[in-house]
$ cat data.cif   # mmCIF, C-alpha atoms
data_work
#
loop_
_atom_site.label_atom_id
_atom_site.label_comp_id
_atom_site.auth_asym_id
_atom_site.auth_seq_id
_atom_site.Cartn_x
_atom_site.Cartn_y
_atom_site.Cartn_z
CA MET G 1 -10.75 -16.29 -6.60
CA SER G 2 -12.87 -13.27 -7.31
CA GLY G 3 -14.76 -12.26 -4.26
CA TYR G 4 -12.42 -14.03 -1.87
CA ASP G 5 -9.45 -11.76 -2.07
CA GLY G 6 -9.62 -11.15 1.64
CA LEU G 7 -8.56 -14.71 2.30
CA ASP G 8 -5.01 -15.67 2.97
CA ASP G 9 -4.66 -18.60 0.58
CA GLU G 10 -2.22 -20.57 2.66
CA HIS G 11 -4.33 -20.19 5.78
CA ALA G 12 -7.48 -21.11 3.94
CA TYR G 13 -5.91 -24.26 2.57
CA GLU G 14 -4.75 -25.36 5.98
CA GLU G 15 -8.15 -24.84 7.53
CA GLU G 16 -10.17 -26.34 4.75
CA SER G 17 -8.06 -29.13 3.35
CA PHE G 18 -9.58 -31.69 5.66
CA GLY G 19 -12.64 -32.74 3.77
CA ARG G 20 -15.03 -33.65 6.55
CA PRO G 21 -16.25 -30.42 8.09
CA PHE G 22 -18.11 -32.07 10.95
CA LEU G 23 -14.80 -33.06 12.47
CA GLY G 24 -14.02 -29.39 12.79
CA LYS G 25 -10.67 -27.81 13.21
CA ALA G 26 -9.39 -30.21 15.80
CA ILE G 27 -8.10 -32.72 13.32
CA LYS G 28 -5.76 -31.25 10.80
CA ALA G 29 -4.76 -32.55 7.43
CA GLU G 30 -1.45 -33.89 8.74
CA SER G 31 -3.19 -36.60 10.67
CA VAL G 32 -5.01 -37.84 7.59
CA GLY G 33 -1.98 -38.96 5.67
CA GLY G 34 -1.03 -41.56 8.20
CA LEU G 35 0.09 -41.99 11.75
CA THR G 36 3.69 -41.08 11.01
CA SER G 37 4.37 -37.46 11.65
CA ASP G 38 7.36 -35.18 11.96
CA GLU G 39 6.47 -34.62 15.60
CA PRO G 40 5.48 -38.05 16.86
CA GLU G 41 6.14 -37.13 20.50
CA GLN G 42 3.60 -34.36 20.49
CA ALA G 43 0.61 -36.10 22.01
CA THR G 44 -1.83 -33.33 21.25
CA VAL G 45 -5.41 -33.80 20.25
CA GLU G 46 -4.60 -32.76 16.71
CA HIS G 47 -2.74 -35.97 16.06
CA LYS G 48 -5.41 -38.42 17.09
CA ARG G 49 -8.34 -39.58 15.08
CA ALA G 50 -11.76 -39.06 16.58
CA TYR G 51 -12.66 -42.73 16.63
CA LEU G 52 -9.49 -43.57 18.54
CA LEU G 53 -10.53 -41.20 21.30
CA THR G 54 -13.95 -42.77 21.63
CA GLY G 55 -13.02 -46.38 21.00
CA GLY G 56 -15.13 -46.25 17.87
CA ARG G 57 -18.25 -45.15 19.73
CA THR G 58 -20.52 -42.40 18.47
CA GLY G 59 -23.49 -40.53 19.87
CA GLY G 60 -24.32 -39.61 23.41
CA GLY G 61 -23.94 -43.13 24.72
CA ALA G 62 -25.63 -44.52 27.79
CA ALA G 63 -25.78 -41.12 29.44
CA GLY G 64 -27.83 -39.70 26.54
CA ILE G 65 -25.68 -36.63 26.10
CA GLY G 66 -26.96 -34.11 23.56
CA ILE G 67 -24.98 -31.27 22.04
CA GLU G 68 -26.73 -28.79 24.37
CA THR G 69 -26.53 -30.93 27.52
CA VAL G 70 -24.95 -28.87 30.28
CA LEU G 71 -22.11 -30.49 32.20
CA VAL G 72 -20.45 -29.43 35.42
CA ARG G 73 -17.84 -31.01 37.62
CA ASP G 74 -19.31 -32.65 40.71
CA ARG G 75 -17.56 -30.87 43.55
CA GLY G 76 -18.73 -33.56 45.90
CA GLN G 77 -16.28 -35.92 44.26
CA ALA G 78 -12.55 -35.78 44.83
CA LEU G 79 -10.59 -35.05 41.66
CA ARG G 80 -8.86 -38.17 40.46
CA SER G 81 -5.69 -37.97 38.47
CA GLY G 82 -4.62 -40.24 35.67
CA TRP G 83 -7.34 -39.43 33.16
CA PRO G 84 -6.33 -39.44 29.50
CA VAL G 85 -5.47 -35.95 28.35
CA GLU G 86 -8.76 -35.46 26.48
CA MET G 87 -10.75 -36.45 29.58
CA SER G 88 -8.71 -34.05 31.71
CA MET G 89 -9.35 -31.24 29.23
CA ILE G 90 -13.09 -31.89 29.36
CA ILE G 91 -13.13 -32.02 33.16
CA ALA G 92 -11.15 -28.79 33.34
CA ALA G 93 -13.60 -27.08 30.97
CA CYS G 94 -16.53 -28.03 33.22
CA GLU G 95 -15.60 -26.11 36.36
CA SER G 96 -18.71 -24.03 35.79
CA PRO G 97 -21.82 -25.30 33.98
CA VAL G 98 -21.22 -25.44 30.25
CA ALA G 99 -22.90 -27.13 27.26
CA VAL G 100 -21.27 -30.00 25.39
CA ALA G 101 -21.01 -27.90 22.23
CA GLU G 102 -19.24 -25.17 24.19
CA VAL G 103 -16.83 -27.66 25.75
CA ALA G 104 -16.05 -28.96 22.27
CA ALA G 105 -15.40 -25.48 20.91
CA ARG G 106 -13.22 -24.49 23.84
CA VAL G 107 -11.04 -27.60 24.04
CA GLY G 108 -10.89 -28.15 20.28
CA LEU G 109 -12.43 -31.61 20.19
CA PRO G 110 -15.20 -32.66 17.82
CA ILE G 111 -18.64 -32.43 19.41
CA GLY G 112 -19.24 -36.14 18.89
CA VAL G 113 -16.12 -36.96 20.87
CA VAL G 114 -17.17 -34.73 23.77
CA GLN G 115 -20.62 -36.37 23.74
CA VAL G 116 -19.07 -39.80 24.17
CA LEU G 117 -16.29 -38.91 26.63
CA GLY G 118 -18.56 -36.54 28.56
CA GLY G 119 -21.05 -39.39 28.88
CA ASP G 120 -18.29 -41.61 30.24
CA LEU G 121 -17.41 -38.97 32.82
CA VAL G 122 -21.07 -38.63 33.85
CA LEU G 123 -21.33 -42.39 34.31
CA ALA G 124 -18.06 -42.31 36.26
CA GLY G 125 -19.59 -39.72 38.59
CA VAL G 126 -17.05 -37.02 37.78
CA LEU G 127 -19.46 -34.74 35.92
CA LEU G 128 -23.08 -33.90 36.59
CA ARG G 129 -25.37 -33.43 33.63
CA SER G 130 -28.42 -31.23 33.20
CA ALA G 131 -31.89 -32.61 32.90
CA SER G 132 -33.25 -32.57 29.38
CA SER G 133 -35.58 -29.76 28.36
CA LYS G 134 -37.33 -32.11 25.93
CA SER G 135 -40.30 -32.80 28.19
CA LEU G 136 -40.59 -29.10 28.99
CA ALA G 137 -41.81 -28.14 25.51
CA ASP G 138 -45.36 -28.71 26.73
CA ASP G 139 -44.82 -27.24 30.20
CA VAL G 140 -46.79 -24.00 30.14
CA HIS G 141 -45.22 -22.64 33.33
CA PHE G 142 -41.72 -23.36 32.11
CA ILE G 143 -42.32 -21.63 28.75
CA GLU G 144 -43.85 -18.65 30.53
CA ARG G 145 -40.80 -18.41 32.76
CA LEU G 146 -38.64 -18.51 29.65
CA ILE G 147 -40.65 -15.71 28.04
CA HIS G 148 -40.33 -13.53 31.12
CA GLY G 149 -36.61 -14.21 31.19
CA VAL G 150 -36.03 -13.32 27.54
CA ALA G 151 -38.25 -10.24 27.78
CA ALA G 152 -36.16 -9.02 30.70
CA LEU G 153 -32.87 -9.29 28.79
CA MET I 1 -41.20 -28.47 40.70
CA SER I 2 -42.04 -29.80 37.31
CA LEU I 3 -38.46 -30.60 36.42
CA PRO I 4 -38.11 -34.11 35.11
CA SER I 5 -36.11 -36.58 37.07
CA ASP I 6 -33.13 -38.00 35.38
CA THR I 7 -30.92 -41.05 35.48
CA MET I 8 -28.26 -39.24 37.45
CA SER I 9 -27.71 -40.81 40.83
CA GLY I 10 -28.78 -38.63 43.68
CA ALA I 11 -26.18 -40.00 46.02
CA GLY I 12 -23.22 -37.75 46.65
CA SER I 13 -24.44 -34.94 44.44
CA GLN I 14 -23.82 -32.09 46.80
CA THR I 15 -23.32 -29.84 43.80
CA ARG I 16 -26.59 -28.40 42.64
CA ARG I 17 -27.90 -29.70 39.38
CA PRO I 18 -26.61 -27.85 36.32
CA PRO I 19 -29.01 -25.38 34.67
CA ILE I 20 -31.42 -26.77 32.11
CA PRO I 21 -30.39 -25.96 28.54
CA VAL I 22 -33.06 -24.69 26.19
CA LYS I 23 -32.12 -25.08 22.55
CA ILE I 24 -33.47 -23.11 19.64
CA LEU I 25 -32.23 -23.42 16.07
CA ILE I 26 -31.43 -20.56 13.72
CA SER I 27 -31.56 -21.87 10.19
CA GLY I 28 -31.70 -20.65 6.64
CA GLY I 29 -29.69 -20.48 3.46
CA PHE I 30 -26.05 -19.73 2.97
CA GLY I 31 -25.05 -16.20 3.94
CA VAL I 32 -28.48 -15.23 5.21
CA GLY I 33 -27.24 -13.96 8.58
CA LYS I 34 -27.48 -16.88 10.99
CA THR I 35 -24.19 -16.11 12.69
CA THR I 36 -25.11 -12.43 12.95
CA THR I 37 -28.45 -13.32 14.51
CA VAL I 38 -26.86 -15.60 17.09
CA GLY I 39 -24.23 -12.98 17.90
CA ALA I 40 -26.78 -10.20 18.35
CA LEU I 41 -28.31 -11.83 21.42
CA SER I 42 -25.55 -14.06 22.74
CA GLU I 43 -23.68 -13.13 25.90
CA ILE I 44 -20.58 -14.78 24.49
CA THR I 45 -18.94 -14.26 21.15
CA PRO I 46 -20.51 -17.01 19.07
CA LEU I 47 -18.42 -20.14 19.26
CA SER I 48 -17.99 -22.18 16.15
CA THR I 49 -16.16 -24.74 14.20
CA GLU I 50 -16.34 -22.34 11.33
CA ALA I 51 -13.63 -22.54 8.68
CA PRO I 52 -13.03 -20.16 5.81
CA MET I 53 -14.74 -21.08 2.58
CA THR I 54 -12.20 -21.60 -0.16
CA SER I 55 -12.45 -21.13 -3.87
CA ALA I 56 -13.27 -24.83 -4.03
CA SER I 57 -16.81 -24.06 -2.92
CA VAL I 58 -17.40 -21.18 -5.31
CA GLY I 59 -20.32 -22.20 -7.46
CA ILE I 60 -21.43 -24.69 -4.85
CA ASP I 61 -22.07 -22.23 -2.08
CA ASP I 62 -23.45 -19.28 -3.96
CA ALA I 63 -23.55 -16.28 -1.70
CA GLY I 64 -25.53 -14.27 -4.23
CA TYR I 65 -25.63 -10.61 -3.37
CA ALA I 66 -23.38 -11.17 -0.36
CA SER I 67 -20.40 -11.55 -2.65
CA ASP I 68 -18.00 -10.00 -0.15
CA LYS I 69 -18.66 -12.82 2.27
CA THR I 70 -15.39 -14.60 2.91
CA THR I 71 -16.40 -17.26 5.42
CA THR I 72 -19.31 -19.56 5.81
CA THR I 73 -20.52 -21.95 8.44
CA VAL I 74 -19.25 -25.33 7.42
CA ALA I 75 -20.01 -26.91 10.75
CA MET I 76 -22.15 -24.82 13.06
CA ASP I 77 -21.97 -21.99 15.51
CA PHE I 78 -23.87 -21.08 18.59
CA GLY I 79 -24.36 -18.56 21.32
CA ARG I 80 -25.54 -18.61 24.90
CA VAL I 81 -27.97 -16.51 26.93
CA THR I 82 -28.33 -17.07 30.66
CA ILE I 83 -32.03 -16.69 31.48
CA ASP I 84 -31.84 -17.26 35.22
CA GLU I 85 -29.95 -19.45 37.66
CA SER I 86 -31.59 -22.59 36.32
CA ILE I 87 -32.15 -21.96 32.60
CA ILE I 88 -29.61 -21.32 29.85
CA LEU I 89 -30.78 -20.58 26.31
CA TYR I 90 -28.55 -21.90 23.55
CA MET I 91 -29.00 -20.67 19.99
CA PHE I 92 -27.54 -22.94 17.36
CA GLY I 93 -26.97 -21.69 13.84
CA THR I 94 -27.60 -24.71 11.68
CA PRO I 95 -25.91 -25.25 8.36
CA GLY I 96 -28.41 -24.27 5.73
CA GLN I 97 -27.24 -26.51 2.93
CA ASP I 98 -28.64 -29.88 1.95
CA ARG I 99 -25.26 -31.50 2.15
CA PHE I 100 -25.02 -30.85 5.89
CA GLY I 101 -28.30 -32.59 6.52
CA PHE I 102 -26.54 -35.37 8.38
CA MET I 103 -26.05 -32.98 11.29
CA TRP I 104 -29.63 -31.90 11.60
CA ASN I 105 -31.00 -34.74 13.68
CA ASP I 106 -28.40 -34.13 16.36
CA LEU I 107 -29.09 -30.43 16.25
CA ALA I 108 -32.85 -30.75 16.34
CA ASP I 109 -33.04 -33.44 19.01
CA GLY I 110 -34.52 -31.74 22.05
CA ALA I 111 -34.85 -28.35 20.35
CA LEU I 112 -37.75 -26.22 21.52
CA GLY I 113 -38.23 -24.33 18.29
CA GLY I 114 -36.62 -22.77 15.27
CA ILE I 115 -36.17 -19.49 13.43
CA VAL I 116 -35.93 -19.72 9.65
CA LEU I 117 -34.04 -16.76 8.24
CA VAL I 118 -35.00 -15.67 4.76
CA ASP I 119 -33.14 -13.53 2.26
CA PRO I 120 -35.84 -12.12 -0.05
CA SER I 121 -33.40 -12.14 -2.97
CA ARG I 122 -32.81 -15.89 -2.59
CA LEU I 123 -36.08 -17.22 -1.27
CA ASP I 124 -35.65 -20.84 -2.25
CA ASP I 125 -32.57 -21.16 -0.01
CA CYS I 126 -34.83 -21.44 3.02
CA PHE I 127 -36.90 -24.36 1.75
CA VAL I 128 -34.56 -27.01 3.12
CA ALA I 129 -34.95 -25.58 6.61
CA LEU I 130 -38.72 -25.12 6.29
CA ASP I 131 -39.17 -28.66 5.05
CA TYR I 132 -37.06 -30.06 7.85
CA PHE I 133 -38.77 -28.15 10.65
CA GLU I 134 -42.18 -29.09 9.30
CA SER I 135 -41.21 -32.74 8.97
CA ILE I 136 -40.29 -32.95 12.67
CA TYR I 137 -43.21 -30.74 13.83
CA LEU I 138 -40.86 -28.19 15.33
CA PRO I 139 -42.55 -24.85 16.07
CA TYR I 140 -40.88 -22.15 14.00
CA VAL I 141 -41.16 -18.59 12.80
CA VAL I 142 -40.00 -17.11 9.51
CA ALA I 143 -37.78 -14.05 9.90
CA VAL I 144 -37.06 -11.99 6.79
CA ASN I 145 -33.64 -10.41 7.10
CA GLN I 146 -33.68 -6.80 5.95
CA PHE I 147 -30.46 -6.30 4.04
CA ALA I 148 -29.76 -2.64 3.46
CA GLY I 149 -29.99 -1.61 -0.16
CA ARG I 150 -31.36 -4.91 -1.38
CA PRO I 151 -34.51 -5.42 -3.37
CA THR I 152 -37.10 -6.33 -0.84
CA MET I 153 -40.54 -7.90 -0.63
CA THR I 154 -43.41 -7.28 1.69
CA LEU I 155 -43.94 -9.82 4.42
CA GLU I 156 -47.15 -10.90 2.73
CA GLU I 157 -45.29 -11.50 -0.50
CA VAL I 158 -42.74 -13.61 1.35
CA ARG I 159 -45.47 -15.56 3.12
CA HIS I 160 -47.11 -16.28 -0.19
CA ALA I 161 -43.83 -17.26 -1.82
CA VAL I 162 -42.65 -19.65 0.89
CA ASN I 163 -46.15 -21.02 1.39
CA VAL I 164 -46.20 -21.56 5.14
CA ASP I 165 -49.28 -22.27 7.22
CA PRO I 166 -51.35 -19.17 8.07
CA ASP I 167 -50.52 -19.54 11.76
CA VAL I 168 -46.75 -19.46 11.19
CA PRO I 169 -45.51 -15.94 12.03
CA VAL I 170 -43.62 -14.17 9.23
CA VAL I 171 -41.74 -11.20 10.64
CA ALA I 172 -39.06 -8.75 9.56
CA ILE I 173 -35.70 -8.73 11.30
CA ASP I 174 -32.46 -6.83 11.19
CA ALA I 175 -30.13 -9.60 12.28
CA ARG I 176 -27.66 -7.07 13.68
CA SER I 177 -30.19 -5.66 16.11
CA ARG I 178 -30.25 -7.21 19.56
CA GLU I 179 -33.73 -5.85 20.24
CA GLN I 180 -35.13 -7.20 16.99
CA VAL I 181 -33.58 -10.63 17.47
CA LYS I 182 -34.99 -10.66 20.99
CA THR I 183 -38.42 -9.81 19.62
CA VAL I 184 -38.26 -12.65 17.10
CA VAL I 185 -37.19 -15.10 19.84
CA LEU I 186 -40.16 -13.92 21.91
CA THR I 187 -42.46 -14.43 18.92
CA LEU I 188 -41.16 -17.98 18.67
CA LEU I 189 -41.60 -18.58 22.41
CA HIS I 190 -45.18 -17.34 22.28
CA ARG I 191 -45.85 -19.78 19.47
CA ILE I 192 -44.34 -22.58 21.56
CA LEU I 193 -46.46 -21.43 24.49
CA ALA I 194 -49.62 -21.47 22.39
CA ARG I 195 -48.92 -25.04 21.37
CA ALA I 196 -48.16 -26.08 24.94
CA LYS I 197 -51.43 -24.54 26.09
CA ALA I 198 -53.37 -26.22 23.29
CA ARG I 199 -51.93 -29.57 24.24
CA SER I 200 -52.40 -29.27 27.98
CA GLY I 201 -55.82 -27.70 27.64
CA GLY I 202 -57.02 -30.47 25.36
#
$ encode --input "data.cif" --output "structure tokens"
Amino acid sequence: MSGYDGLDDEHAYEEESFGRPFLGKAIKAESVGGLTSDEPEQATVEHKRAYLLTGGRTGGGAAGIGIETVLVRDRGQALRSGWPVEMSMIIAACESPVAVAEVAARVGLPIGVVQVLGGDLVLAGVLLRSASSKSLADDVHFIERLIHGVAAL
Amino acid sequence: MSLPSDTMSGAGSQTRRPPIPVKILISGGFGVGKTTTVGALSEITPLSTEAPMTSASVGIDDAGYASDKTTTTVAMDFGRVTIDESIILYMFGTPGQDRFGFMWNDLADGALGGIVLVDPSRLDDCFVALDYFESIYLPYVVAVNQFAGRPTMTLEEVRHAVNVDPDVPVVAIDARSREQVKTVVLTLLHRILARAKARSGG
């Protein structure tokens, strides 16, 4: 323990006991032991496994959603009700333009889940996605604009 | 406009297109200051899926001199800088350890460039990041974090020790300084610009 005296042991255990760090904090150890839980009625994100939310899908899907892809709700489309709770949380987080990674951090879902569900919402026309900056790496004018912008910070 | 078109349907999109995200990676060994670097420039408190490191990782994640470090990035963290109405810069701190390599392809996909942070007292910690950036031809700069009161090396000594190409910038940085982080980002962007010019100019 030397060197880590600042840590509350109990807290540390709770945060760290789930052994797959890429799933983040959203899925707690309780959900690993099995589907039975002391609070079965509590349909929060914490109690669902990531692959259940995505139907087993991984990656950005057909919409090609990266972790930095910016999403925003399409105000031209009427808001539909009846989305699963995770979808509703993602839609609500996208009122102003926000990256997939940021959505994930704010709603407490793994990034991979937001990539898949966000892609579904883009294909459904609910969210708009940013263009990729990939092809801009060789765009001299774009990079110059970026430099001016950073220099002016 | 040189913005690429995209699969999004044009019909019914009265909302203007979301800003283009520009992604740069901040990488380096454990405890080298990635989170600090991101936080120095970010307009938001860095967001993360960070969890406290427990005693289970002592001996695996050796923080060296930074022995009072109580948390480490087990997933990743990132910050945001709005450049203008159509560009947002995202800085992603990438896990510096080999065992998180499975995340790197996702992180690097579409990245414009990278900053490799170096702690002179633990030079070899940065080799994983250097190797990865070189293997995917990502433009990068080496930034040597200046820890107060630590044994230090000259930039030339660091360059020699990490053995990077002569055209890779090796610069000093105080990761807590917004101005210095900004300067390093600009150094990286100029390197990206030089490559873009070389490619378009033939």
$ closest_residue --input "data.cif" --among "I:Ser135, I:Thr152, I:Thr183, I:Thr35" --to "chain G" --atoms "only C-alpha atoms"
I:Thr183
$ closest_residue --input "data.cif" --among "I:Met76, I:Ile83, I:Val164, I:Leu25" --to "chain G" --atoms "all atoms listed in the file"
I:Ile83
$ axis_aligned_box --input "data.cif" --around "segment 116-120 of chain G" --padding-each-side "3 Å" --output "AutoDock Vina command-line options"
--center_x -18.7 --center_y -39.1 --center_z 27.2 --size_x 10.8 --size_y 11.1 --size_z 12.1
$ resolve_selection --input "data.cif" --expression "the PyMOL selection byres ((chain G and resi 66-74) around 8)" --output "NGL selection string"
(:G and (60 or 64-65 or 75-77 or 91 or 94-101 or 111 or 115 or 118 or 125-132)) or (:I and (13-15 or 18-23 or 90 or 106-107 or 109))
$ resolve_selection --input "data.cif" --expression "the PyMOL selection byres ((chain G and resi 143) around 10)" --output "ChimeraX atom specification"
/G:136-142,144-149 /I:112,189-190,192-194,196-197
$ atom_distance --input "data.cif" --atom1 "atom CA of Val142 of chain I" --atom2 "atom CA of Val168 of chain I"
7.3 Å
$ atom_distance --input "data.cif" --atom1 "atom CA of Ser27 of chain I" --atom2 "atom CA of Pro95 of chain I"
6.8 Å
$ closest_residue --input "data.cif" --among "I:Gly39, I:Pro46, I:Gly110, I:Gly28" --to "chain G" --atoms "all atoms listed in the file"
I:Gly110
$ build_atoms --input "data.cif" --residues "segment 59-84 of chain G" --atoms "N, CA and C atoms" --output "compact mmCIF listing (two decimals), in the coordinates of the input"
# COMPACT_ATOMS: atom_id res chain seq x y z
N GLY G 59 -22.24 -40.89 19.20
CA GLY G 59 -23.49 -40.53 19.87
C GLY G 59 -23.30 -40.29 21.36
N GLY G 60 -24.39 -40.00 22.01
CA GLY G 60 -24.32 -39.61 23.41
C GLY G 60 -24.15 -40.77 24.37
N GLY G 61 -24.19 -41.98 23.87
CA GLY G 61 -23.94 -43.13 24.72
C GLY G 61 -25.01 -43.34 25.78
N ALA G 62 -24.66 -44.13 26.78
CA ALA G 62 -25.63 -44.52 27.79
C ALA G 62 -26.16 -43.32 28.57
N ALA G 63 -25.36 -42.27 28.66
CA ALA G 63 -25.78 -41.12 29.44
C ALA G 63 -26.71 -40.21 28.64
N GLY G 64 -26.92 -40.50 27.36
CA GLY G 64 -27.83 -39.70 26.54
C GLY G 64 -27.44 -38.25 26.44
N ILE G 65 -26.19 -38.00 26.12
CA ILE G 65 -25.68 -36.63 26.10
C ILE G 65 -25.98 -35.98 24.76
N GLY G 66 -26.70 -34.87 24.78
CA GLY G 66 -26.96 -34.11 23.56
C GLY G 66 -25.94 -33.00 23.41
N ILE G 67 -25.98 -32.31 22.25
CA ILE G 67 -24.98 -31.27 22.04
C ILE G 67 -25.21 -30.07 22.96
N GLU G 68 -26.44 -29.92 23.49
CA GLU G 68 -26.73 -28.79 24.37
C GLU G 68 -26.72 -29.18 25.84
N THR G 69 -26.54 -30.48 26.13
CA THR G 69 -26.53 -30.93 27.52
C THR G 69 -25.48 -30.16 28.31
N VAL G 70 -25.89 -29.65 29.46
CA VAL G 70 -24.95 -28.87 30.28
C VAL G 70 -24.24 -29.81 31.26
N LEU G 71 -22.94 -29.68 31.31
CA LEU G 71 -22.11 -30.49 32.20
C LEU G 71 -21.45 -29.59 33.23
N VAL G 72 -21.22 -30.16 34.42
CA VAL G 72 -20.45 -29.43 35.42
C VAL G 72 -19.75 -30.45 36.30
N ARG G 73 -18.56 -30.09 36.76
CA ARG G 73 -17.84 -31.01 37.62
C ARG G 73 -18.57 -31.16 38.96
N ASP G 74 -18.68 -32.39 39.43
CA ASP G 74 -19.31 -32.65 40.71
C ASP G 74 -18.31 -32.36 41.82
N ARG G 75 -18.52 -31.26 42.52
CA ARG G 75 -17.56 -30.87 43.55
C ARG G 75 -17.62 -31.77 44.77
N GLY G 76 -18.65 -32.59 44.81
CA GLY G 76 -18.73 -33.56 45.90
C GLY G 76 -17.75 -34.71 45.73
N GLN G 77 -17.21 -34.83 44.54
CA GLN G 77 -16.28 -35.92 44.26
C GLN G 77 -14.85 -35.39 44.24
N ALA G 78 -13.95 -36.16 44.85
CA ALA G 78 -12.55 -35.78 44.83
C ALA G 78 -12.03 -35.91 43.40
N LEU G 79 -11.18 -34.98 43.01
CA LEU G 79 -10.59 -35.05 41.66
C LEU G 79 -9.59 -36.18 41.60
N ARG G 80 -9.77 -37.05 40.64
CA ARG G 80 -8.86 -38.17 40.46
C ARG G 80 -7.86 -37.82 39.37
N SER G 81 -6.65 -38.23 39.54
CA SER G 81 -5.69 -37.97 38.47
C SER G 81 -5.59 -39.21 37.59
N GLY G 82 -4.85 -39.09 36.53
CA GLY G 82 -4.62 -40.24 35.67
C GLY G 82 -5.61 -40.39 34.53
N TRP G 83 -6.45 -39.38 34.32
CA TRP G 83 -7.34 -39.43 33.16
C TRP G 83 -6.52 -39.21 31.89
N PRO G 84 -6.95 -39.79 30.78
CA PRO G 84 -6.33 -39.44 29.50
C PRO G 84 -6.44 -37.94 29.28
